[in-house]
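A.B. asks: For reference, this is upload.txt, and it has compact mmCIF, C-alpha atoms.
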# COMPACT_ATOMS: atom_id res chain seq x y z
CA MET O 1216 0.95 -22.98 -10.00
CA ARG O 1217 4.73 -23.09 -9.63
CA VAL O 1218 6.91 -20.01 -9.23
CA LEU O 1219 8.65 -20.76 -12.53
CA ASP O 1220 5.29 -20.48 -14.30
CA VAL O 1221 5.82 -16.72 -14.50
CA PHE O 1222 8.36 -17.43 -17.24
CA GLY O 1223 5.51 -18.84 -19.33
CA ALA O 1224 4.84 -15.29 -20.48
CA LEU O 1225 8.02 -15.52 -22.56
CA ARG O 1226 6.32 -18.06 -24.82
CA ASN O 1227 4.72 -15.02 -26.40
CA ARG O 1228 7.56 -14.03 -28.75
CA ARG O 1229 6.50 -10.42 -29.07
CA PHE O 1230 6.38 -9.95 -25.32
CA ALA O 1231 9.74 -11.73 -25.05
CA ARG O 1232 11.29 -9.09 -27.29
CA LEU O 1233 9.69 -6.23 -25.33
CA TYR O 1234 10.86 -7.85 -22.08
CA ALA O 1235 14.41 -8.29 -23.40
CA ALA O 1236 14.54 -4.64 -24.48
CA GLN O 1237 13.36 -3.52 -21.05
CA ALA O 1238 15.92 -5.73 -19.27
CA ILE O 1239 18.78 -4.44 -21.46
CA SER O 1240 17.86 -0.81 -20.84
CA GLN O 1241 17.51 -1.42 -17.09
CA VAL O 1242 21.07 -2.72 -16.94
CA GLY O 1243 22.10 0.63 -18.36
CA ASP O 1244 19.86 2.49 -15.91
CA ALA O 1245 21.66 0.80 -13.00
CA LEU O 1246 24.97 2.00 -14.39
CA THR O 1247 23.70 5.55 -14.86
CA TRP O 1248 22.47 6.07 -11.29
CA VAL O 1249 25.86 5.00 -9.94
CA ALA O 1250 27.57 7.23 -12.50
CA LEU O 1251 25.30 10.11 -11.52
CA ALA O 1252 26.25 9.75 -7.85
CA LEU O 1253 29.95 9.75 -8.78
CA LEU O 1254 29.48 12.78 -11.04
CA ALA O 1255 27.58 14.67 -8.32
CA TYR O 1256 30.42 14.05 -5.88
CA GLU O 1257 32.97 15.14 -8.50
CA LEU O 1258 31.13 18.41 -9.19
CA ALA O 1259 29.71 19.25 -5.75
CA GLY O 1260 31.84 17.42 -3.21
CA ALA O 1261 30.19 17.57 0.21
CA ASP O 1262 27.02 18.95 -1.38
CA ALA O 1263 26.55 15.87 -3.55
CA ALA O 1264 23.52 14.80 -1.50
CA VAL O 1265 21.84 18.11 -2.32
CA VAL O 1266 22.47 17.56 -6.02
CA LEU O 1267 21.10 14.03 -5.91
CA GLY O 1268 18.06 15.18 -3.94
CA ALA O 1269 17.35 17.86 -6.52
CA THR O 1270 17.68 15.38 -9.38
CA LEU O 1271 15.22 13.07 -7.62
CA THR O 1272 12.76 15.95 -7.29
CA LEU O 1273 13.16 16.77 -10.98
CA ARG O 1274 12.55 13.11 -11.80
CA VAL O 1275 9.28 12.99 -9.89
CA GLY O 1276 8.22 16.35 -11.29
CA ALA O 1277 8.73 15.20 -14.88
CA PHE O 1278 6.71 12.05 -14.22
CA VAL O 1279 3.79 13.88 -12.61
CA LEU O 1280 3.60 16.55 -15.29
CA LEU O 1281 4.11 14.53 -18.46
CA SER O 1282 3.05 10.91 -17.97
CA PRO O 1283 -0.74 11.60 -18.26
CA LEU O 1284 -0.14 13.13 -21.71
CA ALA O 1285 2.06 10.17 -22.62
CA GLY O 1286 -0.77 7.81 -21.77
CA VAL O 1287 -3.17 9.69 -24.02
CA LEU O 1288 -0.70 9.54 -26.91
CA ALA O 1289 -0.36 5.79 -26.33
CA ASP O 1290 -4.08 5.43 -27.09
CA ARG O 1291 -3.84 7.59 -30.22
CA MET O 1292 -0.45 6.88 -31.79
CA GLU O 1293 1.69 3.96 -32.85
CA ARG O 1294 3.17 2.80 -29.53
CA LYS O 1295 6.23 1.31 -31.17
CA THR O 1296 7.18 4.75 -32.48
CA ILE O 1297 6.90 6.26 -29.00
CA LEU O 1298 9.00 3.50 -27.43
CA ILE O 1299 11.73 3.70 -30.08
CA ALA O 1300 11.85 7.51 -29.91
CA ALA O 1301 12.08 7.39 -26.11
CA HIS O 1302 14.95 4.87 -26.23
CA PHE O 1303 16.98 6.76 -28.83
CA GLY O 1304 16.21 10.16 -27.28
CA ARG O 1305 17.38 9.02 -23.86
CA ALA O 1306 20.50 7.51 -25.45
CA ALA O 1307 21.36 10.90 -26.97
CA ILE O 1308 20.83 12.71 -23.64
CA ILE O 1309 22.81 10.19 -21.60
CA GLY O 1310 25.58 10.38 -24.23
CA LEU O 1311 26.01 14.07 -23.33
CA MET O 1312 26.49 13.42 -19.61
CA PRO O 1313 30.27 12.71 -19.81
CA LEU O 1314 30.71 16.26 -21.17
CA VAL O 1315 29.06 17.94 -18.16
CA THR O 1316 31.14 20.51 -16.26
CA GLU O 1317 28.47 22.34 -14.19
CA VAL O 1318 25.75 21.23 -11.80
CA TRP O 1319 23.03 23.08 -13.74
CA GLN O 1320 23.89 20.98 -16.77
CA VAL O 1321 23.23 17.86 -14.71
CA TYR O 1322 19.80 19.20 -13.75
CA ALA O 1323 18.90 20.06 -17.34
CA LEU O 1324 19.93 16.68 -18.74
CA VAL O 1325 18.31 14.74 -15.89
CA PHE O 1326 14.99 16.53 -16.42
CA ALA O 1327 15.14 15.92 -20.18
CA HIS O 1328 15.99 12.25 -19.63
CA ASN O 1329 13.13 11.74 -17.21
CA ALA O 1330 10.72 13.67 -19.43
CA LEU O 1331 11.30 10.96 -22.04
CA THR O 1332 11.06 8.27 -19.35
CA ALA O 1333 7.66 9.73 -18.42
CA PHE O 1334 6.58 8.91 -21.97
CA PHE O 1335 8.31 5.53 -22.13
CA THR O 1336 7.17 3.86 -18.91
CA PRO O 1337 3.35 4.17 -19.09
CA VAL O 1338 3.41 3.34 -22.80
CA ASN O 1339 5.53 0.28 -22.08
CA GLN O 1340 3.17 -0.77 -19.26
CA ALA O 1341 0.09 -0.34 -21.43
CA THR O 1342 1.72 -2.40 -24.19
CA VAL O 1343 2.15 -5.50 -22.01
CA PRO O 1344 -1.57 -6.44 -21.87
CA LEU O 1345 -1.83 -5.47 -25.55
CA LEU O 1346 0.73 -8.17 -26.37
CA VAL O 1347 -0.21 -10.94 -23.93
CA GLY O 1348 -3.90 -10.28 -23.25
CA ARG O 1349 -5.48 -9.08 -20.03
CA GLU O 1350 -5.72 -12.56 -18.48
CA GLU O 1351 -1.96 -13.17 -18.84
CA ALA O 1352 -0.90 -9.65 -17.90
CA GLY O 1353 -0.35 -10.60 -14.24
CA ARG O 1354 2.36 -13.14 -15.06
CA ALA O 1355 4.00 -10.82 -17.57
CA PHE O 1356 4.09 -7.92 -15.11
CA ALA O 1357 5.40 -10.25 -12.38
CA LEU O 1358 8.30 -11.37 -14.56
CA SER O 1359 9.18 -7.81 -15.53
CA SER O 1360 8.98 -6.67 -11.90
CA ALA O 1361 11.16 -9.53 -10.62
CA THR O 1362 13.75 -8.75 -13.29
CA THR O 1363 13.75 -5.08 -12.33
CA GLU O 1364 14.36 -5.94 -8.68
CA VAL O 1365 17.14 -8.43 -9.43
CA LEU O 1366 18.90 -5.91 -11.65
CA GLY O 1367 18.47 -3.36 -8.88
CA ILE O 1368 20.44 -5.70 -6.61
CA VAL O 1369 23.26 -6.68 -8.96
CA GLY O 1370 23.36 -3.45 -11.00
CA PRO O 1371 25.29 -1.26 -8.54
CA GLY O 1372 27.95 -3.94 -8.10
CA LEU O 1373 28.28 -4.32 -11.85
CA ALA O 1374 28.49 -0.54 -12.19
CA GLY O 1375 31.31 -0.45 -9.66
CA VAL O 1376 33.33 -2.98 -11.66
CA VAL O 1377 32.71 -1.14 -14.93
CA ALA O 1378 33.64 2.18 -13.31
CA VAL O 1379 36.97 0.76 -12.19
CA LEU O 1380 37.66 -0.55 -15.70
CA VAL O 1381 36.55 2.39 -17.84
CA GLY O 1382 35.98 5.30 -15.44
CA GLY O 1383 32.85 6.75 -13.85
CA ARG O 1384 31.89 9.06 -16.70
CA SER O 1385 32.21 6.24 -19.22
CA LEU O 1386 29.30 4.49 -17.50
CA PHE O 1387 26.99 6.98 -19.21
CA LEU O 1388 28.26 5.87 -22.62
CA VAL O 1389 27.65 2.21 -21.74
CA ASP O 1390 24.07 3.11 -20.77
CA ALA O 1391 23.61 4.96 -24.07
CA LEU O 1392 24.66 1.79 -25.92
CA THR O 1393 22.15 -0.31 -23.96
CA LEU O 1394 19.36 2.14 -24.84
CA ILE O 1395 20.29 2.00 -28.53
CA ALA O 1396 20.28 -1.81 -28.40
CA ALA O 1397 16.88 -1.80 -26.68
CA GLY O 1398 15.47 0.62 -29.26
CA LEU O 1399 16.67 -1.57 -32.11
CA LEU O 1400 15.07 -4.60 -30.49
CA VAL O 1401 11.73 -2.81 -30.11
CA SER O 1402 11.93 -1.82 -33.78
CA THR O 1403 11.64 -5.52 -34.71
CA LEU O 1404 8.14 -5.69 -33.19
CA PRO O 1405 5.04 -5.47 -35.40
CA SER O 1406 2.64 -2.56 -35.11
CA LEU O 1407 1.60 -1.72 -31.54
CA ARG O 1408 -1.24 0.63 -32.42
CA VAL O 1409 -4.54 0.14 -30.58
CA GLY O 1410 -7.31 -1.02 -32.93
CA ALA O 1411 -9.01 1.81 -34.76
CA GLY O 1412 -12.41 0.77 -33.44
CA GLY O 1413 -11.36 1.60 -29.91
CA ARG O 1414 -9.75 4.96 -30.60
CA VAL O 1415 -11.19 8.01 -28.92
CA GLU O 1416 -11.56 11.19 -30.95
CA ALA O 1417 -12.11 13.54 -28.03
CA SER O 1418 -9.59 16.25 -27.18
CA ARG O 1419 -6.31 15.21 -25.63
CA TRP O 1420 -6.98 17.11 -22.43
CA ARG O 1421 -10.36 15.44 -22.09
CA ASP O 1422 -8.56 12.12 -22.43
CA VAL O 1423 -6.11 13.17 -19.71
CA ARG O 1424 -9.03 13.87 -17.38
CA ASP O 1425 -10.66 10.62 -18.40
CA GLY O 1426 -7.56 8.65 -17.39
CA THR O 1427 -7.66 10.09 -13.89
CA ALA O 1428 -11.44 9.72 -13.66
CA ARG O 1429 -11.16 6.02 -14.46
CA LEU O 1430 -8.72 5.57 -11.59
CA TRP O 1431 -10.95 7.23 -9.02
CA ARG O 1432 -14.39 5.95 -10.01
CA ASP O 1433 -13.51 2.23 -10.06
CA PRO O 1434 -13.66 1.09 -6.39
CA PRO O 1435 -10.93 -1.64 -6.52
CA VAL O 1436 -8.58 0.57 -8.54
CA ARG O 1437 -9.23 3.56 -6.27
CA PHE O 1438 -8.50 1.41 -3.21
CA ALA O 1439 -5.24 0.14 -4.71
CA LEU O 1440 -4.16 3.65 -5.73
CA LEU O 1441 -4.66 4.94 -2.18
CA MET O 1442 -2.79 1.94 -0.75
CA GLU O 1443 0.13 3.01 -2.92
CA LEU O 1444 0.26 6.13 -0.73
CA VAL O 1445 0.79 3.83 2.26
CA ALA O 1446 3.54 1.99 0.41
CA ALA O 1447 5.15 5.29 -0.60
CA ILE O 1448 5.33 6.49 3.02
CA ALA O 1449 7.06 3.29 4.14
CA GLY O 1450 9.20 3.06 1.00
CA ALA O 1451 10.46 6.64 1.23
CA LEU O 1452 11.58 6.02 4.82
CA ILE O 1453 13.48 2.94 3.68
CA LEU O 1454 15.19 4.72 0.80
CA VAL O 1455 16.00 7.94 2.66
CA VAL O 1456 16.66 6.91 6.26
CA THR O 1457 18.20 3.41 6.05
CA VAL O 1458 21.67 4.78 5.37
CA LEU O 1459 21.43 6.91 8.53
CA ARG O 1460 20.28 3.93 10.57
CA VAL O 1461 23.05 1.63 9.33
CA LYS O 1462 25.97 4.04 9.30
CA GLY O 1463 24.94 6.46 12.05
CA GLY O 1464 22.79 4.39 14.41
CA LEU O 1465 24.66 1.08 14.10
CA GLY O 1466 28.08 2.52 13.28
CA LEU O 1467 28.54 0.21 10.29
CA GLY O 1468 29.89 0.83 6.80
CA ASP O 1469 28.95 0.89 3.15
CA LEU O 1470 29.15 -2.89 2.83
CA GLU O 1471 26.55 -3.50 5.52
CA TYR O 1472 24.31 -0.82 4.03
CA GLY O 1473 24.56 -2.64 0.72
CA TRP O 1474 23.53 -5.91 2.39
CA VAL O 1475 20.44 -4.32 3.94
CA MET O 1476 19.29 -2.75 0.68
CA ALA O 1477 20.07 -5.96 -1.22
CA LEU O 1478 17.68 -7.84 1.09
CA TYR O 1479 15.04 -5.18 0.41
CA GLY O 1480 15.43 -5.75 -3.32
CA LEU O 1481 15.52 -9.52 -2.85
CA GLY O 1482 12.23 -9.36 -0.96
CA ALA O 1483 10.64 -7.39 -3.79
CA ALA O 1484 11.90 -9.93 -6.35
CA ALA O 1485 10.55 -12.81 -4.26
CA GLY O 1486 7.24 -10.98 -3.93
CA SER O 1487 7.03 -10.68 -7.72
CA LEU O 1488 7.55 -14.38 -8.25
CA ALA O 1489 5.08 -15.29 -5.51
CA PHE O 1490 2.43 -13.02 -6.99
CA GLY O 1491 2.98 -14.43 -10.46
CA SER O 1492 2.77 -18.02 -9.24
CA LEU O 1493 -0.50 -17.52 -7.34
CA GLY O 1494 -2.19 -16.15 -10.44
CA ALA O 1495 -5.87 -15.32 -10.01
CA ARG O 1496 -6.41 -17.44 -6.90
CA VAL O 1497 -5.99 -14.44 -4.57
CA PRO O 1498 -7.91 -11.20 -5.26
CA ARG O 1499 -5.68 -8.35 -6.33
CA THR O 1500 -7.00 -5.97 -3.69
CA LEU O 1501 -6.36 -8.45 -0.88
CA PHE O 1502 -2.78 -8.71 -2.13
CA VAL O 1503 -2.56 -4.92 -2.03
CA LEU O 1504 -4.00 -4.71 1.49
CA LEU O 1505 -1.66 -7.42 2.79
CA GLY O 1506 1.33 -5.79 1.11
CA ALA O 1507 0.59 -2.36 2.58
CA ALA O 1508 0.24 -3.89 6.05
CA LEU O 1509 3.46 -5.92 5.71
CA THR O 1510 5.66 -3.04 4.60
CA SER O 1511 4.22 -0.69 7.25
CA ILE O 1512 4.59 -3.17 10.13
CA ALA O 1513 8.07 -4.24 9.03
CA ILE O 1514 9.57 -0.80 9.53
CA LEU O 1515 8.06 -0.20 12.99
CA PRO O 1516 10.86 -1.81 15.10
CA ALA O 1517 13.73 -0.73 12.83
CA ASP O 1518 14.95 2.07 15.12
CA GLY O 1519 16.05 -0.40 17.80
CA VAL O 1520 17.30 -3.54 16.04
CA THR O 1521 20.76 -4.70 15.04
CA LEU O 1522 21.98 -5.56 11.55
CA VAL O 1523 20.63 -9.09 11.06
CA PRO O 1524 17.08 -8.34 12.28
CA LEU O 1525 17.11 -5.18 10.15
CA MET O 1526 17.98 -7.26 7.09
CA ALA O 1527 15.12 -9.64 7.87
CA LEU O 1528 12.68 -6.76 8.33
CA TRP O 1529 13.74 -5.19 5.03
CA LEU O 1530 13.23 -8.53 3.28
CA VAL O 1531 9.60 -8.50 4.49
CA ALA O 1532 9.22 -4.82 3.63
CA GLY O 1533 10.39 -5.54 0.08
CA VAL O 1534 7.74 -8.25 -0.31
CA GLY O 1535 5.10 -5.84 0.99
CA GLN O 1536 6.13 -3.04 -1.36
CA ASN O 1537 5.91 -5.35 -4.34
CA TRP O 1538 2.52 -6.75 -3.29
CA VAL O 1539 1.12 -3.22 -3.40
CA ASN O 1540 2.61 -2.06 -6.69
CA LEU O 1541 2.53 -5.17 -8.88
CA PRO O 1542 -1.13 -6.19 -8.25
CA THR O 1543 -2.13 -2.58 -8.93
CA GLU O 1544 -0.50 -2.68 -12.37
CA THR O 1545 -2.29 -5.95 -13.09
CA LEU O 1546 -5.60 -4.59 -11.81
CA LEU O 1547 -5.38 -1.71 -14.26
CA ALA O 1548 -4.95 -4.15 -17.16
CA GLU O 1549 -7.82 -6.36 -16.02
CA ARG O 1550 -10.34 -3.58 -15.43
CA THR O 1551 -9.60 -1.28 -18.38
CA GLU O 1552 -10.53 -1.87 -21.99
CA GLU O 1553 -7.70 -1.95 -24.47
CA SER O 1554 -8.56 1.37 -26.09
CA ALA O 1555 -8.18 3.29 -22.79
CA GLN O 1556 -5.24 1.50 -21.17
CA GLY O 1557 -2.67 4.05 -22.32
CA ARG O 1558 -4.30 7.03 -20.62
CA VAL O 1559 -5.07 4.98 -17.49
CA TYR O 1560 -1.48 3.81 -17.08
CA GLY O 1561 -0.29 7.36 -17.75
CA ALA O 1562 -2.59 8.80 -15.09
CA HIS O 1563 -1.60 6.08 -12.63
CA PHE O 1564 2.10 6.73 -13.21
CA ALA O 1565 1.54 10.41 -12.38
CA TRP O 1566 -0.58 9.82 -9.28
CA SER O 1567 1.65 7.11 -7.83
CA HIS O 1568 4.69 9.39 -8.16
CA LEU O 1569 2.75 12.26 -6.64
CA TRP O 1570 2.48 10.11 -3.50
CA TRP O 1571 6.27 9.82 -3.45
CA ALA O 1572 6.58 13.59 -3.86
CA PHE O 1573 4.72 13.81 -0.53
CA ALA O 1574 6.48 10.85 1.10
CA TYR O 1575 10.09 11.93 0.47
CA PRO O 1576 9.81 15.24 2.38
CA LEU O 1577 7.96 13.44 5.18
CA ALA O 1578 10.81 10.94 5.48
CA SER O 1579 13.38 13.73 5.52
CA LEU O 1580 11.41 15.64 8.16
CA LEU O 1581 11.09 12.62 10.45
CA GLY O 1582 14.75 11.73 9.95
CA THR O 1583 15.77 15.26 10.98
CA ARG O 1584 13.30 15.97 13.79
CA ALA O 1585 12.99 12.51 15.36
CA PRO O 1586 16.17 10.56 14.49
CA GLN O 1587 15.67 8.04 17.32
CA ARG O 1588 12.05 7.24 16.39
CA THR O 1589 11.95 7.83 12.65
CA PHE O 1590 10.80 4.40 11.54
CA LEU O 1591 8.37 4.02 14.45
CA LEU O 1592 6.62 7.31 13.69
CA GLY O 1593 6.71 6.71 9.96
CA GLY O 1594 5.34 3.21 10.30
CA LEU O 1595 2.54 4.43 12.54
CA THR O 1596 1.72 7.16 10.03
CA ALA O 1597 1.51 4.56 7.27
CA LEU O 1598 -0.74 2.34 9.40
CA VAL O 1599 -3.05 5.25 10.20
CA VAL O 1600 -3.42 6.02 6.50
CA LEU O 1601 -3.99 2.32 5.84
CA ALA O 1602 -6.75 2.17 8.45
CA ILE O 1603 -8.47 5.29 7.11
CA VAL O 1604 -8.37 4.04 3.52
CA THR O 1605 -9.61 0.57 4.49
CA LEU O 1606 -12.53 1.93 6.52
CA ALA O 1607 -13.49 4.57 3.98
CA PHE O 1608 -13.11 2.46 0.84
CA ARG O 1609 -13.58 -1.11 2.06
CA ARG O 1610 -16.13 -1.72 -0.69
CA GLY O 1611 -13.22 -1.70 -3.08
CA VAL O 1612 -11.70 -4.81 -1.46
CA GLU O 1613 -12.74 -7.97 -3.26
CA LEU O 1614 -12.85 -11.05 -1.06
CA LYS O 1615 -13.05 -13.58 -3.86
CA ALA O 1616 -10.98 -13.75 -7.00
CA ARG O 1617 -13.13 -13.44 -10.08
CA PRO O 1618 -12.03 -14.68 -13.49
CA THR O 1619 -11.57 -11.79 -15.86
CA LYS O 1620 -12.79 -12.04 -19.42
CA PRO O 1621 -11.56 -9.62 -22.07
CA ARG O 1622 -14.22 -7.18 -23.21
CA HIS O 1623 -13.16 -7.71 -26.81
CA HIS O 1624 -10.69 -9.69 -28.85
CA GLN O 1625 -7.06 -9.57 -27.76
CA ARG O 1626 -4.14 -9.86 -30.11
CA PRO O 1627 -2.50 -13.32 -30.01
Rewrite the structure from the file as structure tokens, please.
C.D. replies:
Amino acid sequence: MRVLDVFGALRNRRFARLYAAQAISQVGDALTWVALALLAYELAGADAAVVLGATLTLRVGAFVLLSPLAGVLADRMERKTILIAAHFGRAAIIGLMPLVTEVWQVYALVFAHNALTAFFTPVNQATVPLLVGREEAGRAFALSSATTEVLGIVGPGLAGVVAVLVGGRSLFLVDALTLIAAGLLVSTLPSLRVGAGGRVEASRWRDVRDGTARLWRDPPVRFALLMELVAAIAGALILVVTVLRVKGGLGLGDLEYGWVMALYGLGAAAGSLAFGSLGARVPRTLFVLLGAALTSIAILPADGVTLVPLMALWLVAGVGQNWVNLPTETLLAERTEESAQGRVYGAHFAWSHLWWAFAYPLASLLGTRAPQRTFLLGGLTALVVLAIVTLAFRRGVELKARPTKPRHHQRP
């Protein structure tokens, strides 16, 4: 299968509209995170890093607390309504950001924005297999993931140009317009409600517990979820400590830091396309295991290399990160019946971000206490966790790819 085959998912017109809405809103997201950094510096000056760190904590907290409930609602309600409300609600919140004059206002709006994102993302993920079918979900997720990574590379540069033209605070208004456009596009979709025959009439909190239970009792899914902890440890080190390595350790500037992180994003985009092109020929859990090993090993020598080797290592690390996260999303679609996919994706979104809530402080601690060996110690920690998970849950690793048949009829 060729790499370009991942674009075959766009032949499904309904998925194409959902994909376009997601891409449009992600352009706006890239603008907002640059605008947020500029606003934090404007309001807090030298303490801008503290403000950004607190907003990141609020982001993760909103995801962990609210996404399981969002998944349950996705199984019970009209998903299109949730997606549209999340788009328009976030547009209204982002539209208030240019009026901010105090740091506490930033915190309040960021938490509200990410509370709605906690509802949007798992519902959007659960809708992909609903539109394309479980057998085609891998290609659809691969295309969406590659697009996300590419926009993550070009977005900050685009945001810089727009900021020069219209001002940093105006970036928030541009993002609000992209969210409105995405919401209008989603409104053109037909009903996205799960078939009535698969609806569960139990209590919502029982459904929340059921979503988590499904993650932990399915051996391949449990294995993949724990490997996401490995990826989070390595990924947090990359996101938190790379700037210190490039600017402090190597004595380079913002441009070189941008190159390194661009290669990380490029690796993730390439990993998405490679995963989509291989289809079902490689078992999902083997992809996950290989990805966790790649990203952990890639960061090991980073404390002692120069710029070009660091860029090459981050390219490999990006591929590894993607090969953990993307196959896991696909695995959830393949191993969960349609009527329960909402709560499963919601529970997964919460658990995977809980790993990052642990990994970010670990990265900060290593960066502070062992600045000369941060990546070495972090990489070894990730490999130890990888070894423990592999030995303890090796039954969850499938050695042969098995064709997956839907348990009941999928929408065309």
A.B. asks: Using Å and a single decimal, report how far CA of Ala1301 (chain O) sits from CA of Arg1408 (chain O).
C.D. replies: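 Pair CA of Arg1408 (chain O) / CA of Ala1301 (chain O) returns 16.2 Å.
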A.B. asks: Can you tell me, as JSON, the centre and edge lengths (Å, one decimal) of the axis-aligned box enclosing all of region 1303-1319 of chain O's listed atoms after padding each side by 8 Å?
C.D. replies:
{"center_x": 23.7, "center_y": 14.9, "center_z": -20.3, "size_x": 30.9, "size_y": 32.3, "size_z": 33.0}
A.B. asks: Neighbourhood query: residues within 12 Å of (6.8, 7.9, -32.8), file coordinates, counting all atoms listed in the file; return as a list in words.
C.D. replies: Ala1285, Leu1288, Ala1289, Arg1291, Met1292, Glu1293, Arg1294, Lys1295, Thr1296, Ile1297, Leu1298, Ile1299, Ala1300, Ala1301, His1302, Phe1303, Gly1304, Phe1334, Phe1335, Val1338, Gly1398, Ser1402, Ser1406, Leu1407 and Arg1408 of chain O
A.B. asks: Keeping only C-alpha atoms, take the residues you just selected and write them out as a short mmCIF file (atom, residue, chain, number, x, y, z; two decimals), in the coordinates of the input.
C.D. replies:
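Result file is again.cif:
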data_model
loop_
_atom_site.label_atom_id
_atom_site.label_comp_id
_atom_site.auth_asym_id
_atom_site.auth_seq_id
_atom_site.Cartn_x
_atom_site.Cartn_y
_atom_site.Cartn_z
CA ALA O 1285 2.06 10.17 -22.62
CA LEU O 1288 -0.70 9.54 -26.91
CA ALA O 1289 -0.36 5.79 -26.33
CA ARG O 1291 -3.84 7.59 -30.22
CA MET O 1292 -0.45 6.88 -31.79
CA GLU O 1293 1.69 3.96 -32.85
CA ARG O 1294 3.17 2.80 -29.53
CA LYS O 1295 6.23 1.31 -31.17
CA THR O 1296 7.18 4.75 -32.48
CA ILE O 1297 6.90 6.26 -29.00
CA LEU O 1298 9.00 3.50 -27.43
CA ILE O 1299 11.73 3.70 -30.08
CA ALA O 1300 11.85 7.51 -29.91
CA ALA O 1301 12.08 7.39 -26.11
CA HIS O 1302 14.95 4.87 -26.23
CA PHE O 1303 16.98 6.76 -28.83
CA GLY O 1304 16.21 10.16 -27.28
CA PHE O 1334 6.58 8.91 -21.97
CA PHE O 1335 8.31 5.53 -22.13
CA VAL O 1338 3.41 3.34 -22.80
CA GLY O 1398 15.47 0.62 -29.26
CA SER O 1402 11.93 -1.82 -33.78
CA SER O 1406 2.64 -2.56 -35.11
CA LEU O 1407 1.60 -1.72 -31.54
CA ARG O 1408 -1.24 0.63 -32.42
#
A.B. asks: I'd like a table as CSV: residues in region 1493-1525 of chain O with an atom no more than 10 Å from region 1464-1488 of chain O, each row giving the shortest atom pair and its distance in Å to one decimal, only C-alpha atoms counted, sorted by chain and rising residue number.
C.D. replies:
residue,atom,partner,partner_atom,distance
O:Leu1493,CA,O:Leu1488,CA,8.7
O:Gly1506,CA,O:Gly1486,CA,9.3
O:Asp1518,CA,O:Gly1464,CA,8.2
O:Gly1519,CA,O:Gly1464,CA,8.9
O:Val1520,CA,O:Leu1465,CA,8.9
O:Thr1521,CA,O:Leu1465,CA,7.0
O:Leu1522,CA,O:Leu1465,CA,7.6
O:Val1523,CA,O:Val1475,CA,8.6
O:Pro1524,CA,O:Val1475,CA,9.8
O:Leu1525,CA,O:Val1475,CA,7.1
A.B. asks: What is the distance between CA of Pro1434 (chain O) and CA of Trp1571 (chain O), in Å to one decimal?
C.D. replies: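 CA of Pro1434 (chain O) sits 22.0 Å away from CA of Trp1571 (chain O).
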A.B. asks: Would you list the contacts of region 1387-1395 of chain O as number ranges by chain, taking every protein, DNA or RNA residue within 10 Å and counting all atoms listed in the file, but skipping same-chain residues closer than 5 positions in sequence?
C.D. replies: O: 1236-1251, 1299, 1301-1313, 1374, 1377, 1381-1382, 1400-1401
A.B. asks: For the point (2.9, 5.7, -12.9) in file coordinates, what residues are within 10 Å, counting all atoms listed in the file? Give the answer as a VMD selection string?
C.D. replies: chain O and resid 1278 to 1279 1282 to 1283 1286 1333 1336 to 1337 1340 1540 1544 1559 to 1569
A.B. asks: Could you check how far CA of Arg1429 (chain O) sits from CA of Thr1605 (chain O), in Å to one decimal?
C.D. replies: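 Separation between CA of Arg1429 (chain O) and CA of Thr1605 (chain O): 19.8 Å.
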A.B. asks: List as a PyMOL selection string the protein and nucleic acid residues near Thr1510 (chain O), meaning an atom at most 8 Å away when only C-alpha atoms are counted, but skip any in the same chain fewer than 4 places from it.
C.D. replies: chain O and resi 1446+1449-1450+1506+1514+1531-1536
A.B. asks: Tell me, as a PDB file with C-alpha atoms, in the coordinates of the input, which residues lie within 10 Å of Thr1596 (chain O), counting only C-alpha atoms; anything in the same chain fewer than 6 positions away does not count.
C.D. replies:
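Just written: part39.pdb:
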ATOM      1  CA  VAL O1445       0.790   3.830   2.260  1.00  0.00           C
ATOM      2  CA  ILE O1448       5.330   6.490   3.020  1.00  0.00           C
ATOM      3  CA  ALA O1449       7.060   3.290   4.140  1.00  0.00           C
ATOM      4  CA  SER O1511       4.220  -0.690   7.250  1.00  0.00           C
ATOM      5  CA  PHE O1590      10.800   4.400  11.540  1.00  0.00           C
ATOM      6  CA  ALA O1602      -6.750   2.170   8.450  1.00  0.00           C
TER       7      ALA O1602
END
A.B. asks: Any chance you could tabulate, as a Markdown table, the residues of region 1238-1297 of chain O at most 9 Å from region 1315-1323 of chain O with each one's nearest atom pair and distance in Å to one decimal, using all atoms listed in the file, in chain and rising number order?
C.D. replies:
| residue | atom | partner | partner_atom | distance |
| --- | --- | --- | --- | --- |
| O:Leu1251 | CA | O:Val1321 | CA | 8.6 |
| O:Leu1254 | CA | O:Val1315 | CA | 8.8 |
| O:Ala1255 | CA | O:Val1318 | CA | 7.6 |
| O:Leu1258 | CA | O:Val1318 | CA | 6.6 |
| O:Ala1259 | CA | O:Val1318 | CA | 7.5 |
| O:Val1266 | CA | O:Val1318 | CA | 7.6 |
| O:Ala1269 | CA | O:Tyr1322 | CA | 7.8 |
| O:Thr1270 | CA | O:Tyr1322 | CA | 6.2 |
| O:Leu1273 | CA | O:Tyr1322 | CA | 7.6 |
A.B. asks: Which residue out of O:Val1287, O:Val1539, O:Leu1358, O:Ala1527 has the minimum interatomic distance to Arg1424 (chain O) when only C-alpha atoms are used?
C.D. replies: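 Among the listed residues, O:Val1287 lies closest to Arg1424 (chain O).
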A.B. asks: So which one's closest to Leu1430 (chain O), O:Arg1228, O:Arg1384, O:Arg1499, O:Arg1550? Using all atoms listed in the file, please.
C.D. replies: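 The closest residue to Leu1430 (chain O) is O:Arg1550.
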A.B. asks: Residues near Gly1383 (chain O), anyone? I mean within 7 Å using all atoms listed in the file, not counting same-chain ones fewer than 3 positions away, as a list in words.
C.D. replies: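 After dropping sequence-adjacent residues, the list is Ala1250, Leu1253, Ala1378 and Leu1386 of chain O.
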